[in-house]
>>> print(open('target.txt').read())   # compact mmCIF, C-alpha atoms
# COMPACT_ATOMS: atom_id res chain seq x y z
CA MET A 1 0.00 0.00 0.00
CA SER A 2 1.42 3.40 -0.96
CA SER A 3 2.14 5.97 1.75
CA GLY A 4 1.66 8.87 -0.70
CA LYS A 5 -1.24 11.27 -1.16
CA VAL A 6 -4.16 10.38 -3.39
CA VAL A 7 -4.94 13.26 -5.75
CA TYR A 8 -8.33 13.29 -7.48
CA PHE A 9 -8.78 14.99 -10.86
CA MET A 10 -11.86 16.03 -12.80
CA ILE A 11 -11.83 17.11 -16.45
CA TRP A 12 -15.16 18.65 -17.37
CA ASN A 13 -16.27 20.57 -20.44
CA PRO A 14 -19.89 21.75 -19.96
CA SER A 15 -20.22 22.78 -23.62
CA THR A 16 -19.52 19.26 -24.92
CA GLY A 17 -20.60 17.18 -21.95
CA LEU A 18 -17.09 15.71 -21.63
CA ARG A 19 -16.49 14.49 -18.09
CA LYS A 20 -13.59 12.40 -16.82
CA ARG A 21 -12.69 11.60 -13.21
CA PHE A 22 -9.48 9.84 -12.20
CA ASN A 23 -6.93 9.74 -9.39
CA LYS A 24 -3.28 9.03 -8.75
CA VAL A 25 -1.02 8.57 -5.73
CA PHE A 26 1.76 11.16 -5.41
CA PRO A 27 4.55 11.05 -2.78
CA THR A 28 3.96 14.73 -1.96
CA LEU A 29 1.54 17.49 -2.93
CA GLU A 30 4.43 19.88 -3.69
CA TYR A 31 3.78 19.80 -7.44
CA LEU A 32 3.22 22.47 -10.03
CA ARG A 33 0.18 21.52 -12.07
CA GLY A 34 -1.85 22.42 -15.10
CA ILE A 35 -4.04 21.22 -17.94
CA GLY A 36 -3.58 22.04 -21.59
CA TYR A 37 -4.30 20.93 -25.12
CA ASP A 38 -1.92 19.01 -27.41
CA PRO A 39 -3.00 19.97 -30.96
CA SER A 40 -0.73 17.38 -32.57
CA THR A 41 -2.80 14.53 -31.11
CA ASP A 42 -6.09 16.34 -30.33
CA ASP A 43 -5.53 15.42 -26.69
CA TYR A 44 -6.06 17.11 -23.31
CA VAL A 45 -3.11 16.62 -20.97
CA VAL A 46 -2.85 17.02 -17.20
CA VAL A 47 0.67 17.95 -16.09
CA MET A 48 2.19 17.51 -12.61
CA ILE A 49 5.75 18.78 -12.07
CA ARG A 50 7.92 18.15 -9.04
CA LEU A 51 10.69 20.68 -9.61
CA GLY A 52 14.15 19.23 -9.99
CA GLN A 53 12.84 15.66 -10.03
CA GLU A 54 10.08 14.66 -12.44
CA VAL A 55 7.21 15.53 -14.74
CA GLN A 56 4.11 13.31 -14.92
CA CYS A 57 1.50 13.67 -17.67
CA PHE A 58 -1.96 12.16 -17.95
CA SER A 59 -3.30 11.76 -21.49
CA LEU A 60 -7.08 11.91 -21.77
CA ARG A 61 -6.91 10.14 -25.13
CA SER A 62 -4.85 7.14 -23.93
CA ASN A 63 -6.20 7.24 -20.36
CA SER A 64 -2.69 6.73 -18.99
CA TRP A 65 0.18 8.46 -17.18
CA SER A 66 3.72 8.96 -18.47
CA ARG A 67 6.75 10.06 -16.45
CA PHE A 68 9.83 12.10 -17.36
CA GLU A 69 12.94 12.70 -15.23
CA GLY A 70 15.66 15.35 -15.14
CA THR A 71 13.56 18.50 -14.80
CA LEU A 72 14.88 22.05 -14.48
CA PRO A 73 16.47 22.77 -11.05
CA PHE A 74 14.11 25.44 -9.74
CA ARG A 75 12.00 26.06 -6.64
CA LYS A 76 8.31 26.92 -6.63
CA ASN A 77 7.41 30.60 -6.26
CA THR A 78 6.46 31.36 -2.65
CA SER A 79 5.95 35.12 -3.11
CA VAL A 80 2.26 34.63 -4.01
CA THR A 81 0.04 33.31 -1.23
CA HIS A 82 -2.93 32.37 -3.41
CA THR A 83 -2.73 28.72 -4.45
CA HIS A 84 -4.31 29.21 -7.88
CA ALA A 85 -1.68 31.80 -8.79
CA LEU A 86 1.15 29.77 -7.27
CA LEU A 87 0.74 26.26 -8.63
CA ASN A 88 -1.61 26.33 -11.62
CA GLY A 89 0.05 26.71 -14.99
CA SER A 90 -1.02 29.37 -17.51
CA TYR A 91 -1.72 27.83 -20.93
CA LEU A 92 -0.52 29.63 -24.06
CA ASN A 93 0.96 28.66 -27.41
CA GLY A 94 0.77 24.92 -26.74
CA ALA A 95 2.60 25.14 -23.40
CA LEU A 96 1.93 25.58 -19.69
CA HIS A 97 3.84 28.32 -17.84
CA TRP A 98 4.81 28.94 -14.20
CA LEU A 99 6.71 31.65 -12.34
CA VAL A 100 9.28 29.94 -10.09
CA TYR A 101 12.52 30.65 -8.22
CA SER A 102 16.03 29.60 -9.11
CA TYR A 103 18.02 28.13 -6.23
CA ASP A 104 19.65 31.53 -5.66
CA TYR A 105 16.11 32.97 -5.35
CA TYR A 106 15.75 34.84 -8.62
CA PHE A 107 12.49 34.68 -10.55
CA LYS A 108 12.35 32.44 -13.60
CA ILE A 109 9.53 31.56 -16.01
CA ILE A 110 9.47 27.89 -16.98
CA ALA A 111 7.22 26.31 -19.58
CA PHE A 112 6.26 22.77 -20.50
CA ASP A 113 5.68 22.10 -24.20
CA LEU A 114 2.72 19.72 -24.49
CA VAL A 115 3.69 18.55 -27.98
CA GLU A 116 7.42 17.98 -27.40
CA ARG A 117 6.87 16.98 -23.75
CA LYS A 118 9.83 19.05 -22.55
CA LEU A 119 10.58 21.94 -20.20
CA PHE A 120 12.17 25.18 -21.31
CA GLU A 121 12.74 28.67 -19.93
CA ILE A 122 11.07 31.93 -21.02
CA PRO A 123 13.27 35.07 -20.71
CA LEU A 124 12.21 37.75 -18.24
CA PRO A 125 12.27 41.47 -19.13
CA ARG A 126 15.77 42.96 -19.08
CA GLN A 127 14.73 45.77 -16.70
CA PHE A 128 12.62 43.50 -14.52
CA VAL A 129 12.69 44.38 -10.80
CA GLU A 130 11.50 41.59 -8.53
CA HIS A 131 8.53 42.27 -6.29
CA ARG A 132 5.44 40.28 -5.38
CA CYS A 133 4.49 38.92 -8.80
CA CYS A 134 2.12 36.53 -10.51
CA LEU A 135 2.17 35.12 -14.03
CA ILE A 136 -1.03 35.14 -16.08
CA VAL A 137 -2.23 35.06 -19.68
CA MET A 138 -4.16 38.16 -20.79
CA GLY A 139 -4.93 39.41 -24.26
CA GLY A 140 -3.29 36.34 -25.76
CA CYS A 141 0.06 37.23 -24.15
CA LEU A 142 2.11 36.20 -21.15
CA CYS A 143 1.87 38.88 -18.45
CA LEU A 144 3.70 39.52 -15.19
CA PHE A 145 1.73 41.52 -12.63
CA CYS A 146 3.82 42.95 -9.78
CA THR A 147 2.82 44.89 -6.65
CA THR A 148 4.65 46.25 -3.61
CA TYR A 149 3.73 47.51 -0.13
CA VAL A 150 5.19 50.95 -0.97
CA PRO A 151 2.42 53.44 -1.94
CA ALA A 152 4.87 55.52 -4.00
CA GLN A 153 5.61 52.50 -6.18
CA PRO A 154 2.51 51.62 -8.24
CA ALA A 155 1.81 48.13 -9.51
CA GLN A 156 3.32 47.21 -12.85
CA MET A 157 2.19 44.93 -15.63
CA TRP A 158 4.70 43.46 -18.06
CA MET A 159 3.28 42.02 -21.29
CA MET A 160 5.23 39.81 -23.71
CA LYS A 161 3.82 40.99 -27.05
CA GLU A 162 5.72 38.36 -29.09
CA TYR A 163 5.93 34.90 -27.58
CA ASN A 164 9.36 33.90 -26.20
CA VAL A 165 11.01 37.10 -27.49
CA GLN A 166 12.66 38.99 -24.64
CA SER A 167 12.73 42.35 -26.44
CA SER A 168 8.92 42.26 -26.84
CA TRP A 169 8.22 42.75 -23.12
CA THR A 170 6.44 46.08 -22.50
CA LYS A 171 5.71 47.67 -19.12
CA THR A 172 2.57 49.52 -18.01
CA SER A 173 2.01 51.27 -14.69
CA VAL A 174 -1.21 50.36 -12.84
CA PRO A 175 -1.42 53.07 -10.12
CA ASP A 176 -4.82 52.20 -8.63
CA ALA A 177 -4.25 48.44 -8.26
CA PRO A 178 -4.03 47.69 -4.51
CA TYR A 179 -1.63 45.23 -2.95
CA GLY A 180 -3.19 41.79 -3.39
CA PHE A 181 -4.87 42.66 -6.70
CA HIS A 182 -4.90 39.79 -9.22
CA PRO A 183 -5.86 40.55 -12.84
CA ILE A 184 -8.36 38.24 -14.56
CA CYS A 185 -8.73 39.55 -18.11
CA PHE A 186 -8.93 42.55 -20.42
CA THR A 187 -12.26 43.88 -21.68
CA LYS A 188 -12.81 44.68 -25.35
CA ASN A 189 -11.94 48.30 -24.49
CA GLY A 190 -8.61 47.32 -22.95
CA GLU A 191 -9.79 47.78 -19.36
CA ILE A 192 -8.42 45.46 -16.68
CA LEU A 193 -10.79 43.25 -14.68
CA GLY A 194 -9.37 41.74 -11.51
CA TYR A 195 -9.92 40.61 -7.95
CA GLU A 196 -8.48 42.11 -4.76
CA HIS A 197 -8.10 39.27 -2.24
CA GLY A 198 -7.77 41.29 0.97
CA ASP A 199 -11.15 43.05 0.82
CA LYS A 200 -12.64 40.51 -1.59
CA MET A 201 -13.38 43.15 -4.18
CA LEU A 202 -14.01 42.66 -7.89
CA MET A 203 -12.46 45.68 -9.59
CA ARG A 204 -12.37 47.29 -13.04
CA LEU A 205 -9.45 49.52 -13.99
CA SER A 206 -8.89 51.64 -17.07
CA ASP A 207 -6.17 50.82 -19.59
CA LYS A 208 -4.09 53.43 -17.72
CA GLY A 209 -4.56 51.60 -14.42
CA LYS A 210 -7.10 54.01 -12.93
CA LEU A 211 -9.98 52.67 -10.83
CA LEU A 212 -13.33 52.81 -12.65
CA ASP A 213 -15.60 50.72 -10.42
CA LYS A 214 -15.68 47.86 -7.93
CA ARG A 215 -18.02 45.60 -5.97
CA ARG A 216 -17.76 43.39 -2.91
CA SER A 217 -19.71 40.43 -4.21
CA LEU A 218 -21.34 39.18 -7.38
CA CYS A 219 -24.73 40.22 -6.02
CA GLU A 220 -23.88 43.88 -5.41
CA LYS A 221 -24.00 46.63 -7.99
CA PHE A 222 -20.82 48.36 -9.11
CA VAL A 223 -19.95 51.60 -7.34
CA LEU A 224 -18.92 54.11 -9.98
CA TYR A 225 -15.79 56.20 -9.42
CA LYS A 226 -15.74 59.38 -11.49
CA GLU A 227 -12.65 61.51 -12.02
>>> encode(input="target.txt", output="structure tokens")
Amino acid sequence: MSSGKVVYFMIWNPSTGLRKRFNKVFPTLEYLRGIGYDPSTDDYVVVMIRLGQEVQCFSLRSNSWSRFEGTLPFRKNTSVTHTHALLNGSYLNGALHWLVYSYDYYFKIIAFDLVERKLFEIPLPRQFVEHRCCLIVMGGCLCLFCTTYVPAQPAQMWMMKEYNVQSSWTKTSVPDAPYGFHPICFTKNGEILGYEHGDKMLMRLSDKGKLLDKRRSLCEKFVLYKE
């Protein structure tokens, strides 16, 4: 009998009715994780990565796990306290992406290619200053959103306009984003929708990072902030 932890998974697509439940025993829960699509085989793949040790992939098509050794020697990112931002990979361009630490505690972006089944590194911006950051996909691009405790230093959003090209990173100041703000998506007008975890506020910011409106729950109306 294994002494590991049983992890239960559910793949569910309400639009197609696809539903798959399965489980696996892992020796620890300290795994990066994610789900993405492999276009070369028309397959959905669940990925579990134990940094520095192994990658395990579950293929929905074959209903089986595969294991790879010799992963990149990084640590998980502990600067973000929210589990979804810490462990769940962001899917883009056929790969899952995570923001992690090197062993000398510098930020790194690693990615797992779902077609080639291999890990690689995405370059950070050249002028990148490390703060409390999360990695997300917005507007079809990889984005780094960084905040600090210092009021005089507004939040910053870095966007990689061309995938895996370091020179394509662009920086935008987001002055009204509070500490603990986590972006969700852009609107058609380029506004930023996000969630502030401390006060549990859903917020909408302009494309210049100015607060437009917010609400405390999905049932409350937005409070409009006029300049």
>>> closest_residue(input="target.txt", among="A:Leu60, A:Leu193, A:Val129, A:Met159", to="Leu205 in chain A", atoms="all atoms listed in the file")
A:Leu193
>>> residues_around(input="target.txt", residues="Ile49 in chain A", least_positions_apart="4", cutoff="12 Å", atoms="all atoms listed in the file", output="PyMOL selection string")
chain A and resi 26+28-35+53-58+66-76+87-89+96-98+100+110-112+117-119
>>> atom_distance(input="target.txt", atom1="CA of Asp113 in chain A", atom2="CA of Thr147 in chain A")
28.9 Å
>>> atom_distance(input="target.txt", atom1="CA of Arg132 in chain A", atom2="CA of Val45 in chain A")
29.6 Å
>>> residues_around(input="target.txt", residues="Asp176 in chain A", least_positions_apart="2", cutoff="6 Å", atoms="all atoms listed in the file", output="list in words")
Val174, Gly209, Lys210 and Leu211 of chain A
>>> residues_around(input="target.txt", residues="Asp43 in chain A", least_positions_apart="5", cutoff="8 Å", atoms="only C-alpha atoms", output="PyMOL selection string")
chain A and resi 37-38+59-61
>>> atom_distance(input="target.txt", atom1="CA of Asn13 in chain A", atom2="CA of Gly139 in chain A")
22.3 Å
>>> residues_around(input="target.txt", residues="Glu196 in chain A", least_positions_apart="6", cutoff="7 Å", atoms="all atoms listed in the file", output="ChimeraX atom specification")
/A:180-182,202
>>> residues_around(input="target.txt", residues="Val165 in chain A", least_positions_apart="3", cutoff="10 Å", atoms="all atoms listed in the file", output="list of chain:residue names")
A:Ile122, A:Pro123, A:Leu124, A:Pro125, A:Met160, A:Lys161, A:Glu162, A:Ser168, A:Trp169
>>> closest_residue(input="target.txt", among="A:Phe186, A:Tyr195, A:Tyr105, A:Trp65", to="Met48 in chain A", atoms="all atoms listed in the file")
A:Trp65
>>> closest_residue(input="target.txt", among="A:Phe22, A:Phe128, A:Tyr163, A:Phe107", to="Gly94 in chain A", atoms="all atoms listed in the file")
A:Tyr163
>>> closest_residue(input="target.txt", among="A:Tyr101, A:Phe145, A:Tyr179, A:Tyr91", to="Gly52 in chain A", atoms="all atoms listed in the file")
A:Tyr101
